[in-house]
$ cat entry_26.txt   # compact mmCIF, C-alpha atoms
# COMPACT_ATOMS: atom_id res chain seq x y z
CA MET A 1336 99.02 110.40 139.05
CA ALA A 1337 101.47 113.20 139.77
CA ARG A 1338 102.25 115.06 142.96
CA PRO A 1339 99.99 118.12 142.84
CA SER A 1340 102.67 120.70 143.67
CA HIS A 1341 103.58 122.99 140.78
CA MET A 1342 104.19 126.57 139.76
CA LEU A 1343 102.18 128.48 137.16
CA VAL A 1344 103.98 131.27 135.29
CA ASP A 1345 101.85 133.68 133.28
CA LEU A 1346 104.03 135.03 130.48
CA ALA A 1347 101.28 137.40 129.31
CA ALA A 1348 101.35 139.00 132.78
CA LEU A 1349 105.14 139.27 132.50
CA ILE A 1350 104.82 141.22 129.26
CA ASN A 1351 102.10 143.39 130.79
CA ASN A 1352 104.40 144.26 133.68
CA TYR A 1353 107.28 145.09 131.36
CA GLN A 1354 105.03 147.41 129.38
CA TRP A 1355 103.82 148.99 132.62
CA ALA A 1356 107.44 149.68 133.62
CA CYS A 1357 107.93 151.40 130.25
CA GLN A 1358 104.74 153.41 130.73
CA LEU A 1359 105.91 154.65 134.14
CA ALA A 1360 109.13 155.96 132.58
CA PRO A 1361 108.28 156.70 128.95
CA HIS A 1362 111.48 158.64 128.20
CA ALA A 1363 113.84 155.86 129.26
CA GLN A 1364 114.84 152.59 127.66
CA THR A 1365 113.88 149.76 129.99
CA MET A 1366 116.10 146.73 130.40
CA ALA A 1367 114.55 143.46 131.59
CA VAL A 1368 116.45 141.80 134.43
CA VAL A 1369 116.28 137.99 134.24
CA LYS A 1370 119.09 137.05 136.65
CA ALA A 1371 118.71 134.22 139.18
CA ASN A 1372 116.64 132.12 136.77
CA ALA A 1373 114.38 135.13 136.13
CA TYR A 1374 113.76 135.48 139.86
CA GLY A 1375 112.77 131.82 139.96
CA HIS A 1376 110.34 131.97 137.02
CA GLY A 1377 112.51 130.22 134.44
CA MET A 1378 115.13 132.36 132.74
CA VAL A 1379 114.92 130.96 129.22
CA ALA A 1380 111.14 131.06 128.97
CA CYS A 1381 110.93 134.57 130.43
CA ALA A 1382 113.76 135.94 128.29
CA THR A 1383 112.24 134.39 125.19
CA ALA A 1384 108.97 136.17 125.93
CA LEU A 1385 110.63 139.47 126.83
CA GLN A 1386 113.10 139.79 123.96
CA ALA A 1387 110.33 140.78 121.56
CA TYR A 1388 109.80 143.90 123.70
CA ALA A 1389 112.96 144.76 125.64
CA PRO A 1390 115.96 146.37 123.91
CA ALA A 1391 118.33 144.51 126.25
CA LEU A 1392 118.36 141.99 129.09
CA ALA A 1393 120.42 141.82 132.27
CA VAL A 1394 121.85 138.93 134.29
CA ALA A 1395 124.33 138.66 137.13
CA CYS A 1396 127.13 136.72 135.47
CA ILE A 1397 128.46 135.31 132.21
CA GLU A 1398 127.20 131.78 132.92
CA GLU A 1399 123.64 133.06 132.89
CA ALA A 1400 124.27 135.07 129.73
CA LEU A 1401 125.78 132.09 127.90
CA ALA A 1402 122.79 129.95 128.83
CA LEU A 1403 120.54 132.54 127.20
CA ARG A 1404 122.65 132.61 124.03
CA GLU A 1405 122.54 128.80 123.85
CA ALA A 1406 118.75 129.03 124.09
CA GLY A 1407 118.59 131.39 121.11
CA ILE A 1408 118.26 134.74 122.90
CA HIS A 1409 119.85 137.35 120.62
CA LYS A 1410 119.36 140.68 122.41
CA PRO A 1411 122.30 142.43 124.13
CA ILE A 1412 122.82 141.17 127.67
CA LEU A 1413 124.32 143.26 130.47
CA LEU A 1414 126.45 141.41 133.04
CA LEU A 1415 125.48 143.31 136.18
CA GLU A 1416 128.54 142.16 138.14
CA GLY A 1417 130.86 142.38 135.17
CA THR A 1418 133.67 139.90 134.69
CA PHE A 1419 135.11 137.61 137.34
CA THR A 1420 138.11 136.45 135.30
CA ALA A 1421 140.03 138.18 132.52
CA ASP A 1422 139.16 135.59 129.86
CA GLU A 1423 135.50 136.58 130.07
CA VAL A 1424 136.16 139.88 128.27
CA ALA A 1425 136.83 138.25 124.89
CA VAL A 1426 133.76 136.05 125.30
CA ALA A 1427 131.66 139.11 126.14
CA ALA A 1428 132.85 140.93 123.02
CA ALA A 1429 132.11 137.96 120.78
CA GLN A 1430 128.68 137.33 122.32
CA ASP A 1431 127.49 140.96 122.53
CA PHE A 1432 127.49 140.99 126.31
CA TRP A 1433 127.74 144.42 127.93
CA LEU A 1434 130.09 144.65 130.89
CA MET A 1435 129.48 146.47 134.13
CA VAL A 1436 132.88 147.69 135.34
CA GLU A 1437 133.29 148.55 138.99
CA ASN A 1438 136.89 147.90 140.07
CA PRO A 1439 140.44 148.40 138.75
CA LYS A 1440 140.97 144.69 138.06
CA GLN A 1441 138.00 144.67 135.70
CA VAL A 1442 139.33 147.77 133.93
CA GLN A 1443 142.72 146.14 133.37
CA ALA A 1444 141.10 142.96 132.06
CA ILE A 1445 139.29 145.00 129.42
CA LEU A 1446 142.34 147.08 128.48
CA ASN A 1447 144.54 143.98 128.11
CA ALA A 1448 142.05 141.68 126.35
CA GLN A 1449 142.32 140.41 122.79
CA VAL A 1450 138.83 141.07 121.45
CA CYS A 1451 137.16 140.57 118.08
CA LYS A 1452 135.33 143.89 118.42
CA PRO A 1453 134.98 146.63 121.04
CA VAL A 1454 132.92 145.74 124.09
CA THR A 1455 130.18 147.96 125.52
CA VAL A 1456 131.10 149.15 129.02
CA TRP A 1457 128.84 150.35 131.82
CA ILE A 1458 130.80 152.23 134.48
CA LYS A 1459 129.41 151.55 137.95
CA VAL A 1460 129.57 154.54 140.30
CA ASP A 1461 129.25 154.08 144.06
CA SER A 1462 126.77 156.79 145.04
CA GLY A 1463 126.40 155.65 148.65
CA MET A 1464 125.41 151.98 148.79
CA HIS A 1465 129.08 150.99 149.23
CA ARG A 1466 128.74 147.55 147.74
CA LEU A 1467 130.07 147.89 144.18
CA GLY A 1468 131.36 150.78 142.10
CA PHE A 1469 134.04 153.43 141.74
CA ASN A 1470 134.09 156.51 143.91
CA PRO A 1471 134.16 159.83 141.99
CA GLN A 1472 137.96 160.11 142.21
CA GLN A 1473 138.40 156.62 140.75
CA VAL A 1474 136.03 157.48 137.91
CA GLN A 1475 138.26 160.41 137.03
CA ALA A 1476 141.26 158.07 136.95
CA TYR A 1477 139.86 155.12 135.01
CA TYR A 1478 137.38 156.70 132.61
CA PRO A 1479 140.10 158.24 130.38
CA GLN A 1480 141.81 154.85 130.11
CA LEU A 1481 138.59 153.17 128.99
CA LEU A 1482 137.75 156.01 126.63
CA ALA A 1483 141.14 155.75 124.92
CA SER A 1484 141.12 151.97 124.58
CA PRO A 1485 140.27 150.42 121.19
CA ASN A 1486 138.74 147.55 123.17
CA VAL A 1487 135.91 149.78 124.43
CA ALA A 1488 132.93 150.85 122.33
CA GLU A 1489 132.04 154.52 122.28
CA ASP A 1490 128.56 154.06 123.75
CA MET A 1491 129.55 153.82 127.43
CA VAL A 1492 126.88 154.16 130.12
CA PHE A 1493 127.28 155.43 133.70
CA ALA A 1494 125.27 153.46 136.25
CA THR A 1495 124.58 153.30 139.97
CA HIS A 1496 122.36 151.34 142.34
CA PHE A 1497 120.11 152.45 145.18
CA ALA A 1498 120.25 151.23 148.76
CA SER A 1499 116.79 152.29 149.94
CA ALA A 1500 114.59 153.10 146.94
CA ASP A 1501 111.93 150.74 148.31
CA GLU A 1502 111.55 153.04 151.34
CA THR A 1503 109.39 155.78 149.88
CA SER A 1504 109.97 158.24 152.73
CA ASN A 1505 113.74 157.76 152.90
CA ASN A 1506 115.53 160.79 151.46
CA PHE A 1507 118.75 158.81 150.95
CA THR A 1508 117.63 157.90 147.42
CA ARG A 1509 117.40 161.57 146.52
CA LEU A 1510 120.88 162.12 147.96
CA GLN A 1511 122.21 159.21 145.91
CA VAL A 1512 120.70 160.68 142.73
CA GLN A 1513 122.42 163.99 143.46
CA GLN A 1514 125.74 162.33 144.26
CA PHE A 1515 125.64 160.20 141.11
CA MET A 1516 124.60 162.99 138.76
CA THR A 1517 127.33 165.28 140.11
CA THR A 1518 129.82 162.69 138.90
CA ALA A 1519 128.11 161.47 135.75
CA LYS A 1520 127.20 164.82 134.21
CA ARG A 1521 130.88 165.61 133.67
CA PHE A 1522 131.19 162.83 131.10
CA LYS A 1523 128.13 163.34 128.91
CA HIS A 1524 127.24 159.66 128.54
CA PRO A 1525 123.85 157.99 129.02
CA VAL A 1526 122.99 157.15 132.64
CA SER A 1527 121.21 154.30 134.39
CA LEU A 1528 119.99 154.68 137.96
CA ALA A 1529 116.55 153.17 138.42
CA ASN A 1530 115.79 149.67 139.62
CA SER A 1531 112.17 148.57 140.02
CA ALA A 1532 111.59 150.60 143.18
CA ALA A 1533 113.00 153.75 141.60
CA ILE A 1534 111.01 153.23 138.40
CA MET A 1535 107.88 153.08 140.55
CA ALA A 1536 108.50 155.74 143.19
CA TRP A 1537 111.39 158.04 142.22
CA PRO A 1538 110.78 159.68 138.83
CA GLU A 1539 113.85 161.89 139.27
CA ALA A 1540 115.88 158.67 138.98
CA HIS A 1541 114.52 157.77 135.53
CA GLY A 1542 117.64 157.99 133.41
CA ASP A 1543 118.41 156.95 129.86
CA TRP A 1544 118.28 153.28 130.87
CA ASN A 1545 116.15 151.74 133.62
CA ARG A 1546 116.63 148.23 134.99
CA ALA A 1547 113.30 146.55 135.73
CA GLY A 1548 113.60 143.39 137.80
CA PHE A 1549 111.29 142.47 140.67
CA MET A 1550 108.35 144.47 139.32
CA LEU A 1551 108.40 142.47 136.08
CA TYR A 1552 107.24 139.48 138.06
CA GLY A 1553 104.16 141.25 139.32
CA ASN A 1554 104.92 142.46 142.80
CA SER A 1555 105.77 145.81 144.29
CA PRO A 1556 109.11 146.26 146.09
CA LEU A 1557 107.81 149.38 147.84
CA ASP A 1558 107.18 149.58 151.57
CA THR A 1559 103.78 151.26 151.15
CA ASP A 1560 100.79 151.01 148.84
CA HIS A 1561 101.51 153.10 145.77
CA ALA A 1562 99.55 153.93 142.63
CA SER A 1563 102.48 152.72 140.53
CA SER A 1564 101.70 149.14 141.55
CA ASP A 1565 98.17 149.28 140.10
CA GLY A 1566 99.31 148.07 136.69
CA LEU A 1567 101.18 145.02 137.94
CA LEU A 1568 99.82 141.51 137.45
CA PRO A 1569 101.14 138.48 139.40
CA VAL A 1570 103.25 136.23 137.22
CA MET A 1571 104.03 133.34 139.58
CA GLN A 1572 101.37 131.20 141.21
CA LEU A 1573 102.37 128.43 143.62
CA TRP A 1574 99.88 125.58 143.81
CA SER A 1575 99.46 122.22 145.44
CA GLY A 1576 96.67 120.07 146.81
CA ILE A 1577 95.41 118.41 149.95
CA ILE A 1578 96.73 114.87 150.36
CA SER A 1579 95.26 114.01 153.77
CA VAL A 1580 92.58 115.27 156.20
CA ARG A 1581 92.16 114.42 159.89
CA GLN A 1582 90.30 115.55 162.99
CA ILE A 1583 92.16 116.18 166.22
CA ASP A 1584 91.02 116.91 169.77
CA VAL A 1585 91.75 119.85 172.05
CA GLY A 1586 95.37 119.80 173.24
CA GLU A 1587 96.70 117.58 170.48
CA SER A 1588 99.74 118.81 168.58
CA VAL A 1589 100.58 118.99 164.89
CA GLY A 1590 103.95 118.56 163.21
CA TYR A 1591 107.57 118.38 164.27
CA GLY A 1592 108.43 119.68 167.71
CA GLN A 1593 104.77 119.85 168.80
CA GLN A 1594 104.92 123.61 168.35
CA TRP A 1595 101.19 124.05 167.71
CA ARG A 1596 98.41 122.58 169.81
CA ALA A 1597 94.70 122.67 169.10
CA GLN A 1598 92.67 125.04 171.27
CA ARG A 1599 89.45 123.47 169.98
CA PRO A 1600 88.43 120.32 168.09
CA SER A 1601 90.13 120.93 164.74
CA VAL A 1602 90.27 119.69 161.19
CA ILE A 1603 93.81 119.54 159.82
CA ALA A 1604 94.62 119.23 156.12
CA THR A 1605 98.04 118.10 154.94
CA VAL A 1606 99.31 119.77 151.76
CA ALA A 1607 102.08 118.48 149.46
CA MET A 1608 104.41 121.46 149.73
CA GLY A 1609 107.52 122.00 151.84
CA TYR A 1610 110.95 123.51 152.05
CA GLY A 1611 112.16 120.84 149.62
CA ASP A 1612 110.06 122.72 147.06
CA GLY A 1613 111.36 126.09 148.20
CA TYR A 1614 108.47 127.02 150.49
CA PRO A 1615 110.00 128.83 153.48
CA ARG A 1616 110.62 126.62 156.49
CA ASN A 1617 110.33 129.66 158.75
CA ALA A 1618 106.76 130.39 157.68
CA ALA A 1619 105.11 130.65 161.07
CA SER A 1620 101.81 129.24 162.24
CA GLY A 1621 99.22 131.68 160.95
CA THR A 1622 100.79 132.06 157.49
CA PRO A 1623 97.85 132.25 155.04
CA VAL A 1624 97.04 129.86 152.20
CA LEU A 1625 93.96 129.57 150.01
CA VAL A 1626 92.06 126.27 150.09
CA ASN A 1627 89.41 126.13 147.40
CA GLY A 1628 89.78 129.91 147.26
CA GLN A 1629 89.07 130.25 150.98
CA ARG A 1630 91.66 131.66 153.36
CA ALA A 1631 93.12 129.26 155.90
CA HIS A 1632 96.35 129.20 157.89
CA ILE A 1633 99.37 126.99 158.36
CA VAL A 1634 99.74 125.34 161.76
CA GLY A 1635 102.91 123.67 163.00
CA ARG A 1636 106.30 123.58 161.36
CA VAL A 1637 106.85 123.44 157.63
CA SER A 1638 108.54 120.14 156.84
CA MET A 1639 110.54 119.10 153.77
CA ASP A 1640 107.61 117.85 151.72
CA MET A 1641 104.46 118.91 153.55
CA ILE A 1642 102.66 121.64 155.44
CA THR A 1643 99.63 121.32 157.67
CA VAL A 1644 96.70 123.72 157.51
CA ASP A 1645 93.83 124.38 159.91
CA VAL A 1646 90.66 124.07 157.79
CA THR A 1647 88.22 123.82 160.71
CA ASP A 1648 86.26 126.90 159.63
CA LEU A 1649 86.06 126.06 155.94
CA ASN A 1650 83.39 124.21 154.06
CA GLU A 1651 83.96 120.46 153.83
CA THR A 1652 87.56 119.87 152.78
CA GLN A 1653 88.61 116.77 150.87
CA ILE A 1654 91.72 115.08 149.54
CA GLY A 1655 92.50 116.57 146.15
CA ASP A 1656 91.20 120.05 146.89
CA PRO A 1657 93.46 122.74 145.35
CA VAL A 1658 95.65 124.91 147.57
CA CYS A 1659 97.20 128.21 146.47
CA LEU A 1660 100.34 129.12 148.41
CA TRP A 1661 100.59 132.50 146.66
CA GLY A 1662 99.00 133.97 143.58
CA PRO A 1663 95.68 135.72 142.84
CA GLY A 1664 94.10 136.65 146.13
CA LEU A 1665 97.24 135.99 148.15
CA ASN A 1666 100.21 138.26 147.46
CA ILE A 1667 103.67 136.75 147.83
CA ASN A 1668 104.73 139.75 149.90
CA GLU A 1669 102.13 138.86 152.53
CA VAL A 1670 103.48 135.32 152.75
CA ALA A 1671 107.01 136.69 152.94
CA HIS A 1672 106.04 138.92 155.86
CA HIS A 1673 104.85 135.90 157.84
CA ALA A 1674 108.12 134.13 157.03
CA GLY A 1675 110.27 137.08 158.09
CA THR A 1676 111.68 137.62 154.62
CA ILE A 1677 110.89 139.37 151.32
CA GLY A 1678 109.11 138.34 148.15
CA TYR A 1679 112.39 138.36 146.23
CA GLU A 1680 113.71 135.48 148.34
CA LEU A 1681 110.55 133.42 148.10
CA MET A 1682 110.59 133.67 144.31
CA THR A 1683 114.23 132.76 143.89
CA ARG A 1684 114.36 129.89 146.39
CA ILE A 1685 111.90 127.66 144.48
CA THR A 1686 113.69 124.36 143.84
CA GLN A 1687 114.04 122.36 140.65
CA ARG A 1688 111.76 119.67 142.04
CA LEU A 1689 108.76 121.89 141.42
CA PRO A 1690 107.54 121.69 137.81
CA ILE A 1691 106.72 124.94 136.00
CA ARG A 1692 103.66 125.25 133.77
CA TYR A 1693 103.69 128.26 131.45
CA THR A 1694 100.63 130.09 130.20
CA HIS A 1695 100.60 132.77 127.50

$ encode --input "entry_26.txt" --output "structure tokens"
Amino acid sequence: MARPSHMLVDLAALINNYQWACQLAPHAQTMAVVKANAYGHGMVACATALQAYAPALAVACIEEALALREAGIHKPILLLEGTFTADEVAVAAAQDFWLMVENPKQVQAILNAQVCKPVTVWIKVDSGMHRLGFNPQQVQAYYPQLLASPNVAEDMVFATHFASADETSNNFTRLQVQQFMTTAKRFKHPVSLANSAAIMAWPEAHGDWNRAGFMLYGNSPLDTDHASSDGLLPVMQLWSGIISVRQIDVGESVGYGQQWRAQRPSVIATVAMGYGDGYPRNAASGTPVLVNGQRAHIVGRVSMDMITVDVTDLNETQIGDPVCLWGPGLNINEVAHHAGTIGYELMTRITQRLPIRYTH
């Protein structure tokens, strides 16, 4: 017998979502972002499935990229944060990693490196997010140095990132597009602006390259319902089962800290899932789960290995009954709302204790 907690990852849904991203922006090349262990879905398995479709992949750092190469992934891989140390440039050139460049130290590392072949450079422009990237004046200073260097391949790309593309009524995205294009158009290179939210809601941001991340995994990053989410299928399903059932009287409490007390005679089911698996500890009483496909709600605090669920209003509940924490019928974004966070965090915080079962 095994603990019933596990994650299901539907690789066919992943491919569907990638193709949907391409359909939303048919004139762009779409890169598949698999950083942070493919947003918690298993980087190697997801990249293996995606490389038959995507012209390139993206990760945060060289460690992630090297893990993909060791697993047999052969497509170009963009390092979204570029290099952290100068010795990474030669490795990137040898391994066909593309380098985001966003500060003078990274430029000097590329110019001074001993490389086996020129490296592909993406120049990051700060269009208003003020996290990474060159301002327009710095671009004017460093671009000619990169262009003249034999270490840099000719096919440079200019890129930026949006601060508020998920907010569909926030005009700041449009201002960022204008700011970026004012800089980039001077250099006549391909451009990359759109993350998932911009692919879905800001067609003016569809450049030569788009970077699809969160949407690949089947959820919308947007703050409102939008037709562009209609083609997305959930990729991750989080499942467990009931391991204990008990009846409690009015006034009795459940869980650590006695934070929840029964207002009526209640039936409480204990489920093998907790923050040790990556389920959010701050999921409040009232957070939904599906027990045998029926909606019920967490009561009391989430503990390391277990949650407790009020199943009083459900049909007879038994040990072994399946429990869906998110998946079909229960969107991860709804769970995230109850936990005061976002779906991105819930996906990426899943721990290694939880086994992953892949379907195709």

$ atom_distance --input "entry_26.txt" --atom1 "CA of Gly1548 (chain A)" --atom2 "CA of His1376 (chain A)"
11.9 Å

$ residues_near_point --input "entry_26.txt" --point "(124.5, 154.3, 126.5)" --cutoff "6 Å" --atoms "all atoms listed in the file" --output "PDB file with C-alpha atoms, keeping the file's coordinate frame"
ATOM      1  CA  ASP A1490     128.560 154.060 123.750  1.00  0.00           C
ATOM      2  CA  MET A1491     129.550 153.820 127.430  1.00  0.00           C
ATOM      3  CA  VAL A1492     126.880 154.160 130.120  1.00  0.00           C
ATOM      4  CA  PRO A1525     123.850 157.990 129.020  1.00  0.00           C
TER       5      PRO A1525
END

$ residues_near_point --input "entry_26.txt" --point "(99.9, 156.4, 139.8)" --cutoff "12 Å" --atoms "all atoms listed in the file" --output "count of residues only"
18

$ closest_residue --input "entry_26.txt" --among "A:Asp1461, A:Asp1584, A:Met1682, A:Asp1645" --to "Gln1598 (chain A)" --atoms "all atoms listed in the file"
A:Asp1584

$ atom_distance --input "entry_26.txt" --atom1 "CA of Ala1488 (chain A)" --atom2 "CA of Lys1452 (chain A)"
8.3 Å

$ residues_around --input "entry_26.txt" --residues "Arg1688 (chain A)" --least-positions-apart "4" --cutoff "10 Å" --atoms "only C-alpha atoms" --output "MDAnalysis selection string"
chainID A and resid 1340:1341 1611:1613

$ residues_around --input "entry_26.txt" --residues "region 1496-1506 of chain A" --least-positions-apart "5" --cutoff "10 Å" --atoms "all atoms listed in the file" --output "PyMOL selection string"
chain A and resi 1459-1468+1511-1512+1515+1527-1537+1540+1546+1555-1561

$ atom_distance --input "entry_26.txt" --atom1 "CA of Ala1618 (chain A)" --atom2 "CA of Leu1681 (chain A)"
10.7 Å

$ residues_around --input "entry_26.txt" --residues "Thr1647 (chain A)" --least-positions-apart "2" --cutoff "12 Å" --atoms "only C-alpha atoms" --output "CSV table (one decimal) with C-alpha atoms, in the coordinates of the input"
chain,number,residue,atom,x,y,z
A,1580,VAL,CA,92.6,115.3,156.2
A,1581,ARG,CA,92.2,114.4,159.9
A,1582,GLN,CA,90.3,115.6,163.0
A,1583,ILE,CA,92.2,116.2,166.2
A,1584,ASP,CA,91.0,116.9,169.8
A,1597,ALA,CA,94.7,122.7,169.1
A,1598,GLN,CA,92.7,125.0,171.3
A,1599,ARG,CA,89.4,123.5,170.0
A,1600,PRO,CA,88.4,120.3,168.1
A,1601,SER,CA,90.1,120.9,164.7
A,1602,VAL,CA,90.3,119.7,161.2
A,1603,ILE,CA,93.8,119.5,159.8
A,1604,ALA,CA,94.6,119.2,156.1
A,1626,VAL,CA,92.1,126.3,150.1
A,1629,GLN,CA,89.1,130.2,151.0
A,1630,ARG,CA,91.7,131.7,153.4
A,1631,ALA,CA,93.1,129.3,155.9
A,1632,HIS,CA,96.4,129.2,157.9
A,1633,ILE,CA,99.4,127.0,158.4
A,1634,VAL,CA,99.7,125.3,161.8
A,1644,VAL,CA,96.7,123.7,157.5
A,1645,ASP,CA,93.8,124.4,159.9
A,1649,LEU,CA,86.1,126.1,155.9
A,1650,ASN,CA,83.4,124.2,154.1
A,1651,GLU,CA,84.0,120.5,153.8
A,1652,THR,CA,87.6,119.9,152.8

$ closest_residue --input "entry_26.txt" --among "A:Cys1381, A:Val1454, A:Ala1519, A:Ala1393" --to "Val1474 (chain A)" --atoms "only C-alpha atoms"
A:Ala1519

$ closest_residue --input "entry_26.txt" --among "A:Val1424, A:Cys1357, A:Leu1573, A:Leu1415" --to "Gln1441 (chain A)" --atoms "all atoms listed in the file"
A:Val1424

$ residues_around --input "entry_26.txt" --residues "Val1637 (chain A)" --least-positions-apart "3" --cutoff "7 Å" --atoms "all atoms listed in the file" --output "list in words"
Gly1609, Tyr1610, Arg1616, Ala1618, Met1641 and Ile1642 of chain A

$ closest_residue --input "entry_26.txt" --among "A:Val1606, A:Arg1684, A:Tyr1477, A:Glu1539" --to "Arg1509 (chain A)" --atoms "all atoms listed in the file"
A:Glu1539

$ closest_residue --input "entry_26.txt" --among "A:Thr1455, A:Thr1420, A:Asn1554, A:Gln1364" --to "Ile1677 (chain A)" --atoms "all atoms listed in the file"
A:Asn1554

$ closest_residue --input "entry_26.txt" --among "A:Ala1347, A:Met1550, A:Ala1428, A:Val1379" --to "Gly1407 (chain A)" --atoms "all atoms listed in the file"
A:Val1379

$ build_atoms --input "entry_26.txt" --residues "region 1431-1438 of chain A" --atoms "all heavy atoms" --output "PDB file, in the frame of the given file"
ATOM      1  N   ASP A1431     128.274 139.740 122.336  1.00  0.00           N
ATOM      2  CA  ASP A1431     127.490 140.960 122.530  1.00  0.00           C
ATOM      3  C   ASP A1431     126.940 141.055 123.941  1.00  0.00           C
ATOM      4  O   ASP A1431     125.776 141.375 124.161  1.00  0.00           O
ATOM      5  CB  ASP A1431     126.364 141.082 121.490  1.00  0.00           C
ATOM      6  CG  ASP A1431     125.801 142.501 121.408  1.00  0.00           C
ATOM      7  OD1 ASP A1431     126.501 143.447 121.836  1.00  0.00           O
ATOM      8  OD2 ASP A1431     124.671 142.672 120.918  1.00  0.00           O
ATOM      9  N   PHE A1432     127.810 140.750 124.910  1.00  0.00           N
ATOM     10  CA  PHE A1432     127.490 140.990 126.310  1.00  0.00           C
ATOM     11  C   PHE A1432     128.058 142.357 126.693  1.00  0.00           C
ATOM     12  O   PHE A1432     129.196 142.682 126.360  1.00  0.00           O
ATOM     13  CB  PHE A1432     128.109 139.923 127.224  1.00  0.00           C
ATOM     14  CG  PHE A1432     127.650 138.519 126.965  1.00  0.00           C
ATOM     15  CD1 PHE A1432     128.451 137.439 127.327  1.00  0.00           C
ATOM     16  CD2 PHE A1432     126.421 138.257 126.372  1.00  0.00           C
ATOM     17  CE1 PHE A1432     128.043 136.142 127.101  1.00  0.00           C
ATOM     18  CE2 PHE A1432     125.999 136.955 126.136  1.00  0.00           C
ATOM     19  CZ  PHE A1432     126.816 135.896 126.501  1.00  0.00           C
ATOM     20  N   TRP A1433     127.279 143.142 127.407  1.00  0.00           N
ATOM     21  CA  TRP A1433     127.740 144.420 127.930  1.00  0.00           C
ATOM     22  C   TRP A1433     128.311 144.189 129.322  1.00  0.00           C
ATOM     23  O   TRP A1433     127.761 143.400 130.104  1.00  0.00           O
ATOM     24  CB  TRP A1433     126.597 145.421 127.988  1.00  0.00           C
ATOM     25  CG  TRP A1433     125.967 145.718 126.651  1.00  0.00           C
ATOM     26  CD1 TRP A1433     126.432 145.374 125.412  1.00  0.00           C
ATOM     27  CD2 TRP A1433     124.744 146.428 126.435  1.00  0.00           C
ATOM     28  NE1 TRP A1433     125.581 145.824 124.438  1.00  0.00           N
ATOM     29  CE2 TRP A1433     124.539 146.476 125.027  1.00  0.00           C
ATOM     30  CE3 TRP A1433     123.807 147.035 127.267  1.00  0.00           C
ATOM     31  CZ2 TRP A1433     123.419 147.103 124.458  1.00  0.00           C
ATOM     32  CZ3 TRP A1433     122.697 147.656 126.720  1.00  0.00           C
ATOM     33  CH2 TRP A1433     122.517 147.693 125.317  1.00  0.00           C
ATOM     34  N   LEU A1434     129.381 144.894 129.645  1.00  0.00           N
ATOM     35  CA  LEU A1434     130.090 144.650 130.890  1.00  0.00           C
ATOM     36  C   LEU A1434     129.946 145.808 131.867  1.00  0.00           C
ATOM     37  O   LEU A1434     130.354 146.935 131.555  1.00  0.00           O
ATOM     38  CB  LEU A1434     131.579 144.417 130.624  1.00  0.00           C
ATOM     39  CG  LEU A1434     131.939 143.170 129.816  1.00  0.00           C
ATOM     40  CD1 LEU A1434     133.446 143.093 129.622  1.00  0.00           C
ATOM     41  CD2 LEU A1434     131.419 141.912 130.494  1.00  0.00           C
ATOM     42  N   MET A1435     129.372 145.527 133.027  1.00  0.00           N
ATOM     43  CA  MET A1435     129.480 146.470 134.130  1.00  0.00           C
ATOM     44  C   MET A1435     130.916 146.430 134.631  1.00  0.00           C
ATOM     45  O   MET A1435     131.503 145.352 134.787  1.00  0.00           O
ATOM     46  CB  MET A1435     128.506 146.111 135.262  1.00  0.00           C
ATOM     47  CG  MET A1435     128.328 147.192 136.299  1.00  0.00           C
ATOM     48  SD  MET A1435     127.315 148.583 135.711  1.00  0.00           S
ATOM     49  CE  MET A1435     125.661 147.883 135.844  1.00  0.00           C
ATOM     50  N   VAL A1436     131.497 147.593 134.873  1.00  0.00           N
ATOM     51  CA  VAL A1436     132.880 147.690 135.340  1.00  0.00           C
ATOM     52  C   VAL A1436     132.873 148.478 136.637  1.00  0.00           C
ATOM     53  O   VAL A1436     132.380 149.613 136.677  1.00  0.00           O
ATOM     54  CB  VAL A1436     133.768 148.393 134.284  1.00  0.00           C
ATOM     55  CG1 VAL A1436     135.192 148.533 134.799  1.00  0.00           C
ATOM     56  CG2 VAL A1436     133.758 147.622 132.982  1.00  0.00           C
ATOM     57  N   GLU A1437     133.415 147.870 137.706  1.00  0.00           N
ATOM     58  CA  GLU A1437     133.290 148.550 138.990  1.00  0.00           C
ATOM     59  C   GLU A1437     134.568 148.524 139.814  1.00  0.00           C
ATOM     60  O   GLU A1437     134.603 149.065 140.915  1.00  0.00           O
ATOM     61  CB  GLU A1437     132.133 147.927 139.785  1.00  0.00           C
ATOM     62  CG  GLU A1437     132.336 146.505 140.268  1.00  0.00           C
ATOM     63  CD  GLU A1437     133.049 146.412 141.605  1.00  0.00           C
ATOM     64  OE1 GLU A1437     132.986 147.383 142.389  1.00  0.00           O
ATOM     65  OE2 GLU A1437     133.685 145.383 141.843  1.00  0.00           O
ATOM     66  N   ASN A1438     135.647 147.913 139.307  1.00  0.00           N
ATOM     67  CA  ASN A1438     136.890 147.900 140.070  1.00  0.00           C
ATOM     68  C   ASN A1438     138.082 147.909 139.132  1.00  0.00           C
ATOM     69  O   ASN A1438     137.960 147.593 137.945  1.00  0.00           O
ATOM     70  CB  ASN A1438     136.920 146.709 141.037  1.00  0.00           C
ATOM     71  CG  ASN A1438     136.982 145.376 140.321  1.00  0.00           C
ATOM     72  OD1 ASN A1438     137.940 145.089 139.590  1.00  0.00           O
ATOM     73  ND2 ASN A1438     135.975 144.525 140.527  1.00  0.00           N
TER      74      ASN A1438
END
